[in-house]
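Visitor: Dropping in target_11.txt, which is compact mmCIF, C-alpha atoms and all ligand atoms:
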# COMPACT_ATOMS: atom_id res chain seq x y z
CA MET Y 1 27.91 -2.25 9.02
CA PRO Y 2 27.71 0.35 6.23
CA SER Y 3 26.24 -2.06 3.70
CA THR Y 4 23.41 -3.07 6.05
CA THR Y 5 22.57 0.52 7.01
CA SER Y 6 22.17 1.60 3.41
CA SER Y 7 19.96 -1.36 2.63
CA ASN Y 8 17.84 -0.44 5.66
CA VAL Y 9 17.25 3.14 4.62
CA ASP Y 10 16.45 1.67 1.22
CA ALA Y 11 13.36 0.13 2.80
CA VAL Y 12 12.17 3.64 3.64
CA ARG Y 13 13.01 4.88 0.13
CA ASN Y 14 11.19 1.95 -1.45
CA TRP Y 15 8.13 2.59 0.66
CA LEU Y 16 8.06 6.24 -0.44
CA LEU Y 17 8.54 5.31 -4.10
CA ALA Y 18 5.82 2.66 -3.94
CA LYS Y 19 3.42 5.33 -2.75
CA HIS Y 20 4.52 7.68 -5.54
CA PRO Y 21 4.76 5.63 -8.72
CA GLU Y 22 5.18 8.87 -10.70
CA ARG Y 23 8.69 9.17 -9.19
CA GLU Y 24 11.71 7.03 -10.02
CA SER Y 25 14.23 8.17 -7.44
CA ILE Y 26 14.69 10.37 -4.40
CA ALA Y 27 17.88 12.31 -3.75
CA PRO Y 28 19.27 11.86 -0.21
CA ASP Y 29 18.80 15.55 0.55
CA GLU Y 30 15.39 16.04 -1.10
CA ASP Y 31 12.84 17.59 1.27
CA LEU Y 32 10.21 14.83 1.59
CA ILE Y 33 7.57 17.07 3.10
CA ALA Y 34 7.97 19.97 0.64
CA ALA Y 35 7.90 17.46 -2.24
CA ARG Y 36 4.72 15.97 -0.73
CA PHE Y 37 6.12 12.50 -0.37
CA VAL Y 38 4.68 12.59 3.14
CA ASP Y 39 1.81 14.59 4.60
CA SER Y 40 -0.17 14.56 7.84
CA LEU Y 41 -2.24 11.56 6.77
CA SER Y 42 0.72 9.40 5.80
CA PHE Y 43 3.08 10.49 8.57
CA VAL Y 44 2.08 7.67 10.93
CA GLU Y 45 2.80 5.00 8.29
CA PHE Y 46 6.04 6.76 7.48
CA VAL Y 47 7.19 6.63 11.09
CA LEU Y 48 6.15 2.97 11.39
CA THR Y 49 8.16 2.18 8.25
CA ILE Y 50 11.25 3.82 9.74
CA GLU Y 51 10.74 2.02 13.05
CA GLU Y 52 10.45 -1.36 11.38
CA ALA Y 53 13.44 -0.83 9.08
CA SER Y 54 15.72 0.62 11.76
CA GLY Y 55 14.55 -1.35 14.80
CA VAL Y 56 14.52 1.97 16.70
CA GLU Y 57 11.41 2.86 18.67
CA ILE Y 58 10.46 6.47 17.96
CA ASP Y 59 9.05 8.51 20.83
CA ARG Y 60 5.70 9.96 19.65
CA GLU Y 61 6.06 12.86 22.06
CA ALA Y 62 9.51 13.91 20.89
CA ILE Y 63 9.12 14.09 17.12
CA ASP Y 64 11.45 16.66 15.58
CA LEU Y 65 10.40 17.16 11.98
CA ALA Y 66 14.01 17.98 11.03
CA ASP Y 67 14.93 14.31 11.66
CA PHE Y 68 12.37 13.19 9.07
CA ARG Y 69 12.73 15.76 6.29
CA THR Y 70 15.29 13.97 4.12
CA LEU Y 71 16.55 10.44 3.63
CA SER Y 72 20.00 11.47 4.78
CA ALA Y 73 18.59 12.99 8.01
CA ILE Y 74 16.64 9.77 8.60
CA GLN Y 75 19.73 7.66 7.98
CA LYS Y 76 21.79 9.78 10.33
CA LYS Y 77 19.23 9.78 13.14
CA PHE Y 78 17.78 6.26 13.03
CA PHE Y 79 20.26 3.95 11.31
CA MET I 1 -20.37 32.93 3.82
CA ILE I 2 -21.14 30.26 6.38
CA GLY I 3 -22.60 32.76 8.86
CA GLU I 4 -25.16 33.84 6.29
CA LEU I 5 -26.08 30.28 5.36
CA ILE I 6 -26.64 29.44 9.02
CA SER I 7 -28.69 32.54 9.78
CA LYS I 8 -31.00 31.82 6.82
CA ASP I 9 -31.47 28.19 7.80
CA ASP I 10 -34.39 27.89 10.22
CA ARG I 11 -34.21 24.13 10.33
CA PHE I 12 -30.56 24.17 11.41
CA GLN I 13 -31.34 26.71 14.12
CA GLU I 14 -34.25 24.66 15.43
CA ILE I 15 -32.04 21.57 15.64
CA LEU I 16 -29.38 23.61 17.44
CA GLU I 17 -31.90 24.83 19.99
CA ARG I 18 -33.15 21.33 20.62
CA LEU I 19 -29.58 20.01 21.05
CA ASN I 20 -28.68 22.88 23.38
CA ARG I 21 -31.73 22.10 25.53
CA LYS I 22 -30.86 18.42 25.61
CA SER I 23 -27.30 19.18 26.68
CA VAL I 24 -28.63 21.16 29.63
CA GLU I 25 -31.22 18.51 30.57
CA ASP I 26 -28.81 15.57 30.30
CA TYR I 27 -26.00 17.31 32.16
CA TYR I 28 -24.24 15.04 34.66
CA ASN I 29 -21.21 15.05 36.90
CA PRO I 30 -18.70 12.76 35.18
CA TYR I 31 -16.50 12.68 38.27
CA ARG I 32 -19.29 10.94 40.21
CA MET I 33 -20.79 9.01 37.33
CA PHE I 34 -18.77 5.79 37.32
CA ASP I 35 -17.77 3.00 39.63
CA TRP I 36 -14.04 2.55 39.29
CA PRO I 37 -13.18 -0.83 40.86
CA GLU I 38 -9.57 -1.34 41.90
CA SER I 39 -9.05 -3.66 38.96
CA LEU I 40 -11.07 -5.35 36.23
CA PRO I 41 -10.97 -9.13 35.71
CA GLU I 42 -8.29 -10.05 33.16
CA ASN I 43 -9.74 -13.30 31.99
CA ARG I 44 -12.57 -11.71 30.00
CA TRP I 45 -13.20 -9.68 26.88
CA TRP I 46 -12.40 -5.99 27.39
CA MET I 47 -13.66 -5.10 23.95
CA SER I 48 -16.32 -6.89 21.93
CA PRO I 49 -14.42 -9.58 20.02
CA GLN I 50 -15.86 -8.51 16.66
CA LEU I 51 -14.29 -5.06 17.20
CA THR I 52 -10.78 -6.39 17.72
CA THR I 53 -8.48 -6.11 14.73
CA THR I 54 -7.70 -9.82 14.51
CA TYR I 55 -11.32 -10.99 14.58
CA GLY I 56 -12.14 -13.43 11.79
CA THR I 57 -8.53 -13.54 10.53
CA ASP I 58 -5.95 -16.32 10.54
CA VAL I 59 -3.91 -14.25 13.02
CA ALA I 60 -6.66 -14.80 15.62
CA ALA I 61 -6.69 -18.51 14.80
CA GLU I 62 -3.05 -18.67 15.95
CA LEU I 63 -3.84 -17.20 19.39
CA ASP I 64 -5.31 -18.99 22.41
CA GLN I 65 -8.22 -17.63 24.45
CA GLU I 66 -6.00 -16.01 27.05
CA GLN I 67 -4.00 -14.18 24.37
CA LEU I 68 -7.21 -13.01 22.70
CA TYR I 69 -8.45 -11.58 26.02
CA ARG I 70 -5.12 -9.87 26.55
CA LEU I 71 -5.19 -8.44 23.03
CA SER I 72 -8.74 -7.15 23.58
CA ARG I 73 -7.51 -5.43 26.74
CA CYS I 74 -4.60 -3.72 24.94
CA GLU I 75 -6.79 -2.79 21.97
CA SER I 76 -9.39 -1.26 24.27
CA ILE I 77 -6.69 0.90 25.90
CA ASN I 78 -5.53 1.90 22.41
CA PHE I 79 -9.10 2.79 21.46
CA TYR I 80 -9.63 5.02 24.52
CA SER I 81 -6.19 6.54 23.95
CA LEU I 82 -7.21 7.43 20.38
CA ASN I 83 -10.14 9.23 21.94
CA VAL I 84 -7.86 11.23 24.22
CA ASP I 85 -5.71 12.46 21.32
CA GLY I 86 -8.71 12.89 18.98
CA ILE I 87 -10.48 15.04 21.58
CA ARG I 88 -7.35 17.17 21.91
CA GLU I 89 -7.58 18.19 18.23
CA LEU I 90 -11.30 18.66 18.43
CA ILE I 91 -11.19 20.93 21.50
CA VAL I 92 -8.36 23.00 19.99
CA GLU I 93 -10.17 23.51 16.67
CA VAL I 94 -13.59 24.27 18.15
CA THR I 95 -12.03 26.65 20.68
CA ARG I 96 -10.36 28.49 17.78
CA ARG I 97 -13.79 29.08 16.21
CA ILE I 98 -16.13 29.76 19.14
CA HIS I 99 -17.44 33.36 19.15
CA THR I 100 -15.71 34.20 15.88
CA ARG I 101 -17.27 35.50 12.66
CA GLY I 102 -19.43 32.92 10.94
CA PHE I 103 -19.91 30.84 14.09
CA GLU I 104 -22.03 33.28 16.12
CA ILE I 105 -25.10 31.04 16.12
CA PRO I 106 -23.49 27.66 16.94
CA SER I 107 -21.28 29.18 19.68
CA GLU I 108 -23.80 28.29 22.38
CA PHE I 109 -23.60 24.67 21.26
CA PHE I 110 -19.78 24.90 21.10
CA HIS I 111 -19.77 25.65 24.84
CA HIS I 112 -21.59 22.38 25.54
CA PHE I 113 -19.39 20.57 23.07
CA ILE I 114 -16.08 21.76 24.52
CA GLY I 115 -17.28 21.15 28.08
CA GLU I 116 -18.51 17.65 27.32
CA GLU I 117 -15.38 16.71 25.41
CA ASN I 118 -13.21 17.83 28.29
CA GLU I 119 -15.16 15.40 30.48
CA HIS I 120 -14.90 12.59 27.93
CA MET I 121 -11.16 13.09 27.76
CA TRP I 122 -11.03 12.82 31.55
CA PHE I 123 -12.91 9.51 31.79
CA PHE I 124 -11.12 7.91 28.84
CA ALA I 125 -7.71 8.89 30.25
CA GLU I 126 -8.81 7.72 33.70
CA PHE I 127 -9.74 4.33 32.28
CA CYS I 128 -6.40 3.96 30.44
CA LEU I 129 -4.27 5.02 33.39
CA ARG I 130 -6.16 2.93 35.96
CA TYR I 131 -6.51 -0.29 34.03
CA GLY I 132 -3.85 -0.09 31.32
CA LYS I 133 -1.28 1.94 33.29
CA LYS I 134 -0.54 3.87 30.10
CA LEU I 135 -1.80 6.00 27.24
CA TYR I 136 -0.83 5.12 23.68
CA ARG I 137 0.22 8.43 22.19
CA GLN I 138 -0.68 9.32 18.63
CA MET I 139 1.62 11.27 16.37
CA GLU I 140 0.83 14.97 16.12
CA PRO I 141 -0.26 15.64 12.55
CA ALA I 142 2.67 17.25 10.76
CA GLY I 143 3.49 19.07 7.58
CA ASP I 144 0.27 20.13 5.81
CA GLY I 145 0.17 23.88 6.08
CA ASP I 146 -2.86 25.79 4.85
CA SER I 147 -2.95 24.92 1.19
CA TRP I 148 -6.62 25.91 0.91
CA PRO I 149 -7.73 28.23 3.73
CA GLU I 150 -11.36 28.48 2.48
CA ALA I 151 -11.77 24.76 3.08
CA ALA I 152 -10.19 24.76 6.54
CA SER I 153 -13.42 24.79 8.56
CA PHE I 154 -15.06 22.18 6.37
CA LEU I 155 -12.05 19.88 6.73
CA VAL I 156 -11.88 20.37 10.49
CA PHE I 157 -15.57 19.59 11.04
CA VAL I 158 -15.66 16.68 8.62
CA ARG I 159 -12.68 15.16 10.46
CA ILE I 160 -14.37 15.71 13.83
CA LEU I 161 -17.60 14.14 12.55
CA LEU I 162 -15.93 11.08 11.02
CA PHE I 163 -13.84 10.53 14.12
CA GLU I 164 -16.95 10.72 16.32
CA GLU I 165 -18.81 8.34 14.01
CA LEU I 166 -15.99 5.78 14.16
CA VAL I 167 -15.88 6.00 17.93
CA ASP I 168 -19.64 5.72 18.16
CA HIS I 169 -19.70 2.46 16.25
CA PHE I 170 -17.46 1.04 18.99
CA ASN I 171 -19.33 2.70 21.86
CA SER I 172 -22.77 1.56 20.81
CA THR I 173 -21.59 -2.01 20.25
CA MET I 174 -19.75 -2.21 23.59
CA ALA I 175 -22.53 -0.52 25.59
CA ALA I 176 -24.85 -3.35 24.53
CA ASP I 177 -22.38 -6.22 24.91
CA GLU I 178 -23.21 -8.38 27.95
CA GLN I 179 -19.82 -10.12 27.80
CA LEU I 180 -18.16 -6.90 29.01
CA HIS I 181 -17.68 -5.63 32.56
CA ASP I 182 -20.24 -3.07 33.82
CA THR I 183 -17.66 -0.28 34.08
CA ILE I 184 -16.62 -0.82 30.46
CA ARG I 185 -20.23 -0.83 29.32
CA ALA I 186 -21.03 2.30 31.35
CA VAL I 187 -18.13 4.32 29.91
CA ASN I 188 -19.21 3.38 26.40
CA ARG I 189 -22.90 3.99 27.07
CA ILE I 190 -22.43 7.45 28.58
CA HIS I 191 -20.14 8.50 25.76
CA HIS I 192 -22.60 7.20 23.19
CA GLN I 193 -25.38 9.30 24.75
CA ASP I 194 -23.41 12.54 24.52
CA GLU I 195 -22.06 11.72 21.08
CA SER I 196 -25.50 11.22 19.59
CA ARG I 197 -25.97 15.00 20.05
CA HIS I 198 -22.52 15.82 18.70
CA ILE I 199 -23.02 13.65 15.64
CA ALA I 200 -26.45 15.10 14.93
CA PHE I 201 -24.90 18.57 15.11
CA GLY I 202 -21.85 17.57 13.07
CA ARG I 203 -23.91 16.22 10.19
CA GLU I 204 -25.91 19.45 9.97
CA LEU I 205 -22.88 21.71 10.17
CA VAL I 206 -20.81 19.68 7.71
CA SER I 207 -23.70 19.68 5.23
CA LEU I 208 -23.90 23.47 5.41
CA LEU I 209 -20.13 23.95 5.21
CA PHE I 210 -20.03 21.70 2.16
CA GLU I 211 -22.84 23.62 0.50
CA ASP I 212 -20.90 26.81 1.12
CA LEU I 213 -17.68 25.29 -0.22
CA LYS I 214 -19.32 23.75 -3.27
CA SER I 215 -20.61 27.12 -4.38
CA LYS I 216 -17.04 28.42 -4.72
CA ALA I 217 -15.01 25.28 -5.50
CA THR I 218 -13.90 23.97 -8.88
CA GLU I 219 -14.55 20.36 -9.99
CA GLU I 220 -10.88 19.71 -9.43
CA GLN I 221 -11.07 20.97 -5.84
CA LEU I 222 -14.14 18.84 -5.12
CA LEU I 223 -12.24 15.81 -6.33
CA GLN I 224 -9.38 16.71 -4.03
CA ILE I 225 -11.81 16.93 -1.13
CA GLN I 226 -13.19 13.55 -2.02
CA GLU I 227 -9.72 12.07 -2.04
CA TYR I 228 -8.82 13.72 1.24
CA VAL I 229 -11.97 12.43 2.97
CA LYS I 230 -11.28 8.89 1.78
CA ARG I 231 -7.69 9.10 2.93
CA TYR I 232 -8.89 10.35 6.30
CA LEU I 233 -11.27 7.38 6.59
CA ASN I 234 -8.32 5.07 5.93
CA TYR I 235 -6.00 6.93 8.26
CA SER I 236 -8.42 6.83 11.19
CA PHE I 237 -9.33 3.19 10.59
CA GLU I 238 -5.68 2.15 10.34
CA SER I 239 -4.92 3.85 13.67
CA LEU I 240 -6.81 0.96 15.29
CA PHE I 241 -4.01 -1.35 14.11
CA ASN I 242 -1.18 -0.36 16.42
CA PRO I 243 2.08 -2.37 16.44
CA GLN I 244 2.72 -1.25 20.04
CA VAL I 245 -0.54 -2.94 20.99
CA TYR I 246 0.45 -6.21 19.32
CA ARG I 247 3.80 -6.05 21.07
CA ASP I 248 2.18 -5.37 24.48
CA ALA I 249 -0.21 -8.27 23.86
CA GLY I 250 2.81 -10.52 23.39
CA ILE I 251 2.31 -11.11 19.67
CA PRO I 252 5.59 -11.59 17.80
CA GLU I 253 6.50 -9.53 14.72
CA PRO I 254 4.05 -6.71 15.43
CA PHE I 255 4.78 -4.78 12.20
CA ALA I 256 4.27 -7.81 9.99
CA VAL I 257 1.08 -8.68 11.86
CA ARG I 258 -0.26 -5.20 11.27
CA ARG I 259 0.45 -5.44 7.55
CA ARG I 260 -1.08 -8.89 7.33
CA LEU I 261 -4.23 -7.74 9.09
CA LEU I 262 -4.62 -4.59 7.01
CA ALA I 263 -4.23 -6.59 3.81
CA SER I 264 -6.80 -9.20 4.83
CA PRO I 265 -10.26 -9.14 3.24
CA ARG I 266 -11.71 -9.00 6.76
CA SER I 267 -10.25 -5.52 7.34
CA ALA I 268 -11.99 -4.12 4.25
CA GLU I 269 -15.25 -5.61 5.48
CA PHE I 270 -14.64 -4.36 9.04
CA GLN I 271 -13.95 -0.86 7.71
CA GLN I 272 -17.23 -0.85 5.79
CA GLN I 273 -19.07 -1.88 8.97
CA VAL I 274 -17.36 0.80 11.06
CA PHE I 275 -18.18 3.54 8.53
CA ARG I 276 -21.56 2.31 7.29
CA LYS I 277 -23.54 5.29 8.66
CA PRO I 278 -21.05 8.05 7.83
CA LEU I 279 -20.62 6.68 4.31
CA ASN I 280 -24.38 6.95 3.83
CA PHE I 281 -24.14 10.55 4.98
CA LEU I 282 -21.14 11.39 2.78
CA ILE I 283 -22.86 10.00 -0.29
CA LYS I 284 -26.19 11.63 0.45
CA THR I 285 -24.53 15.06 0.73
CA GLY I 286 -22.42 14.49 -2.39
CA ILE I 287 -19.13 14.79 -0.50
CA LEU I 288 -18.28 11.29 -1.78
CA GLN I 289 -19.47 9.59 -4.96
CA ASP I 290 -18.85 5.99 -3.88
CA ARG I 291 -18.01 3.81 -0.86
CA ASP I 292 -14.78 2.37 -2.23
CA LEU I 293 -12.10 2.91 0.43
CA MET I 294 -9.49 0.20 0.09
CA PRO I 295 -6.22 1.83 -0.99
CA ALA I 296 -4.30 -0.15 -3.60
CA GLU I 297 -1.15 -0.45 -1.48
CA ARG I 298 -3.03 -1.95 1.45
CA GLY I 299 -4.20 -4.91 -0.62
CA ALA I 300 -0.77 -5.27 -2.18
CA ALA I 301 1.14 -5.23 1.13
FE FE Q 401 -16.58 12.70 23.07
FE FE Q 402 -18.10 14.41 20.74
Here is a file; write its structure as structure tokens.
Ligand SMILES: [Fe+2]
Ligand SMILES: [Fe+2]
Guide:
Amino acid sequence: MPSTTSSNVDAVRNWLLAKHPERESIAPDEDLIAARFVDSLSFVEFVLTIEEASGVEIDREAIDLADFRTLSAIQKKFF
Amino acid sequence: MIGELISKDDRFQEILERLNRKSVEDYYNPYRMFDWPESLPENRWWMSPQLTTTYGTDVAAELDQEQLYRLSRCESINFYSLNVDGIRELIVEVTRRIHTRGFEIPSEFFHHFIGEENEHMWFFAEFCLRYGKKLYRQMEPAGDGDSWPEAASFLVFVRILLFEELVDHFNSTMAADEQLHDTIRAVNRIHHQDESRHIAFGRELVSLLFEDLKSKATEEQLLQIQEYVKRYLNYSFESLFNPQVYRDAGIPEPFAVRRRLLASPRSAEFQQQVFRKPLNFLIKTGILQDRDLMPAERGAA
């Protein structure tokens, strides 16, 4: 259902915003890595957050960074 | 330059020579070193209970003895799997530096280091595949780039050192734990013996690399290093809390359990125990100013 999917990706957005209190919002197409929302030391938590919110198990050996760069890419791939 | 600092440091070179000699004297054939029984008894601790992530928490109080044994088995496989992936990074980074400018003098030691780590990776993977029938794969670190190339070697070797120190806390505890099977104790004991040389080397090299870095870094950059090192200590500690492990151990709501455990006061205490020695080192060298590691969001979770 569309309403559920958007609330699910919201969990990912909220997690990112909680880690970056200096920011109030994130555009769906903002590059999360370039904007330093996520780096190598927070990537694991980031993936776990997406897994929990989407219920999709993410294969550690098949990570394509393009699927994680923006909220809209995440929504498309995992929700 | 780091090469110059090393070549002027007689003490460092003496330590290196002693460690090189010890590596040669203690050399063993890992492929003949261990007894690998067909299977290990399931109804026992596979990891010292005080090293399991639920120890002393109300999550553990909800599990029966059989579930606790099963969790210790899955957590031990996760721990050895972390070693396999940690060693991968370590071998790659040391291989990049061996026989290159600046690392002429420690290159002899790097040969022992790379060789020994290859063997460690073999016996840890062997253990996981034989007795756990799987390896838990870690995420490849992604998306940092080289924001500060001058600090690259320092950051690589401080990560290697802190990873080896974390592992060694587990190895030395499990090697001495009579509740554990002989094969488990032997794997931990042998690794602990080799790692005592690697850690001794790592502390010396990291001290020198930091001295080198400090002479050209701004206050601001030193603060960034401090923050990075603390975040790394949290990152590596949190990798012990794996939702896949809780799921495989039959614990419901693995993500919520992980959050609950990380937010518990016990995990802050456990982290301080795991990193007691390296925190002493980091403070003595001035890399860190304090031992305060608990990130705000972990407590708030
Ligand atoms: Fe090792
Ligand atoms: Fe090592």
Visitor: At a cut-off of 12 Å, which residues of chain Y touch chain I? Count all atoms listed in the file and give the answer as a ChimeraX atom specification.
Guide: /Y:15-21,31-53,55,57-66,68-69
Visitor: Could you give me the residues within 9 Å of ligand FE 401 (chain Q), counting only C-alpha atoms and all ligand atoms, as a list in words?
Guide: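 Here is the list of contacting residues: Asn83, Val84, Gly86, Ile87, Phe113, Glu116, Glu117, Asn118, Glu119, His120, Met121, Glu164, Val167, His191, His192, Asp194, Glu195 and His198 of chain I.
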Visitor: May I have the residues within 12 Å of Phe124 of chain I as an MDAnalysis selection string, using all atoms listed in the file and disregarding those fewer than 4 positions away in the same chain?
Guide: chainID I and resid 30:31 34 76:87 117:120 128:132 134:136 171 183:184 186:188 190:191
Visitor: Excluding Ala60 of chain I and its own-chain neighbours fewer than 5 positions away, which residues fall within 12 Å of it when counting only C-alpha atoms? Please give them as a CSV table (one decimal) with C-alpha atoms, in the frame of the given file.
Guide:
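Once written, part-v7.csv looks like this:
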chain,number,residue,atom,x,y,z
I,49,PRO,CA,-14.4,-9.6,20.0
I,50,GLN,CA,-15.9,-8.5,16.7
I,52,THR,CA,-10.8,-6.4,17.7
I,53,THR,CA,-8.5,-6.1,14.7
I,54,THR,CA,-7.7,-9.8,14.5
I,55,TYR,CA,-11.3,-11.0,14.6
I,65,GLN,CA,-8.2,-17.6,24.4
I,66,GLU,CA,-6.0,-16.0,27.0
I,67,GLN,CA,-4.0,-14.2,24.4
I,68,LEU,CA,-7.2,-13.0,22.7
I,69,TYR,CA,-8.4,-11.6,26.0
I,71,LEU,CA,-5.2,-8.4,23.0
I,72,SER,CA,-8.7,-7.2,23.6
I,246,TYR,CA,0.4,-6.2,19.3
I,251,ILE,CA,2.3,-11.1,19.7
I,257,VAL,CA,1.1,-8.7,11.9
I,260,ARG,CA,-1.1,-8.9,7.3
I,261,LEU,CA,-4.2,-7.7,9.1
I,266,ARG,CA,-11.7,-9.0,6.8
Visitor: Which one is closest to ligand FE 402 (chain Q): I:Met47, I:Ile287, I:Leu166, I:Ala249? Count all atoms listed in the file.
Guide: I:Leu166
Visitor: What is the atom CA of Ile91 of chain I to atom CA of Leu155 of chain I distance in Å?
Guide: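 Here the two named atoms are 14.8 Å from each other.
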Visitor: I:Val94, I:Leu63, I:Met1, I:Ile160: which is nearest ligand FE 402 (chain Q), counting only C-alpha atoms and all ligand atoms?
Guide: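 Closest candidate: I:Ile160.
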Visitor: Quick one: distance from atom CA of Phe103 of chain I to atom CA of Asn29 of chain I in Å, one decimal?
Guide: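 It comes out at 27.8 Å.
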Visitor: Rounded to one decimal place, report the atom CA of Val158 of chain I-atom CA of Lys22 of chain I distance in Å.
Guide: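 It comes out at 22.9 Å.
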Visitor: Smallest atom-to-atom distance to ligand FE 402 (chain Q): which of I:Asp58, I:Asp168, I:Glu219, I:Glu14, using only C-alpha atoms and all ligand atoms?
Guide: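 Selected residue with least distance to ligand FE 402 (chain Q): I:Asp168.
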Visitor: Contacts of Lys77 of chain Y at 10 Å or less, counting all atoms listed in the file, minus same-chain residues fewer than 4 places along, as a PyMOL selection string?
Guide: chain Y and resi 54+56+66-68+71-73
Visitor: Given all atoms listed in the file as the basis, pick out the residue of I:Asp177, I:Gln272, I:Ala152, I:Gly115 nearest to Arg97 of chain I.
Guide: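 For Arg97 of chain I, the nearest of the given residues is I:Ala152.
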Visitor: Where atoms are absent from segment 170-176 of chain I, fill them in so it carries all heavy atoms, then output it as an mmCIF file, in the coordinates of the input.
Guide:
data_model
loop_
_atom_site.group_PDB
_atom_site.id
_atom_site.type_symbol
_atom_site.label_atom_id
_atom_site.label_comp_id
_atom_site.auth_asym_id
_atom_site.auth_seq_id
_atom_site.Cartn_x
_atom_site.Cartn_y
_atom_site.Cartn_z
ATOM 1 N N PHE I 170 -18.025 1.847 17.903
ATOM 2 C CA PHE I 170 -17.460 1.040 18.990
ATOM 3 C C PHE I 170 -18.274 1.198 20.272
ATOM 4 O O PHE I 170 -18.602 0.226 20.943
ATOM 5 C CB PHE I 170 -15.987 1.435 19.239
ATOM 6 C CG PHE I 170 -15.042 0.840 18.234
ATOM 7 C CD1 PHE I 170 -15.060 1.231 16.903
ATOM 8 C CD2 PHE I 170 -14.135 -0.141 18.620
ATOM 9 C CE1 PHE I 170 -14.200 0.670 15.975
ATOM 10 C CE2 PHE I 170 -13.266 -0.716 17.698
ATOM 11 C CZ PHE I 170 -13.298 -0.305 16.371
ATOM 12 N N ASN I 171 -18.595 2.455 20.616
ATOM 13 C CA ASN I 171 -19.330 2.700 21.860
ATOM 14 C C ASN I 171 -20.680 2.006 21.871
ATOM 15 O O ASN I 171 -21.060 1.394 22.878
ATOM 16 C CB ASN I 171 -19.594 4.207 22.041
ATOM 17 C CG ASN I 171 -18.352 5.017 22.351
ATOM 18 O OD1 ASN I 171 -18.295 6.209 22.038
ATOM 19 N ND2 ASN I 171 -17.360 4.413 22.988
ATOM 20 N N SER I 172 -21.419 2.113 20.779
ATOM 21 C CA SER I 172 -22.770 1.560 20.810
ATOM 22 C C SER I 172 -22.717 0.031 20.857
ATOM 23 O O SER I 172 -23.541 -0.598 21.525
ATOM 24 C CB SER I 172 -23.619 2.074 19.643
ATOM 25 O OG SER I 172 -22.948 1.863 18.441
ATOM 26 N N THR I 173 -21.726 -0.556 20.193
ATOM 27 C CA THR I 173 -21.590 -2.010 20.250
ATOM 28 C C THR I 173 -21.208 -2.462 21.666
ATOM 29 O O THR I 173 -21.790 -3.409 22.218
ATOM 30 C CB THR I 173 -20.504 -2.484 19.257
ATOM 31 O OG1 THR I 173 -20.802 -1.950 17.965
ATOM 32 C CG2 THR I 173 -20.444 -4.008 19.178
ATOM 33 N N MET I 174 -20.245 -1.774 22.273
ATOM 34 C CA MET I 174 -19.750 -2.210 23.590
ATOM 35 C C MET I 174 -20.752 -1.917 24.708
ATOM 36 O O MET I 174 -20.841 -2.671 25.678
ATOM 37 C CB MET I 174 -18.393 -1.591 23.874
ATOM 38 C CG MET I 174 -17.321 -2.197 22.973
ATOM 39 S SD MET I 174 -15.680 -2.057 23.665
ATOM 40 C CE MET I 174 -15.216 -0.478 23.015
ATOM 41 N N ALA I 175 -21.521 -0.831 24.569
ATOM 42 C CA ALA I 175 -22.530 -0.520 25.590
ATOM 43 C C ALA I 175 -23.546 -1.663 25.688
ATOM 44 O O ALA I 175 -24.071 -1.968 26.756
ATOM 45 C CB ALA I 175 -23.233 0.791 25.247
ATOM 46 N N ALA I 176 -23.819 -2.313 24.566
ATOM 47 C CA ALA I 176 -24.850 -3.350 24.530
ATOM 48 C C ALA I 176 -24.294 -4.760 24.736
ATOM 49 O O ALA I 176 -25.064 -5.717 24.783
ATOM 50 C CB ALA I 176 -25.579 -3.274 23.183
#
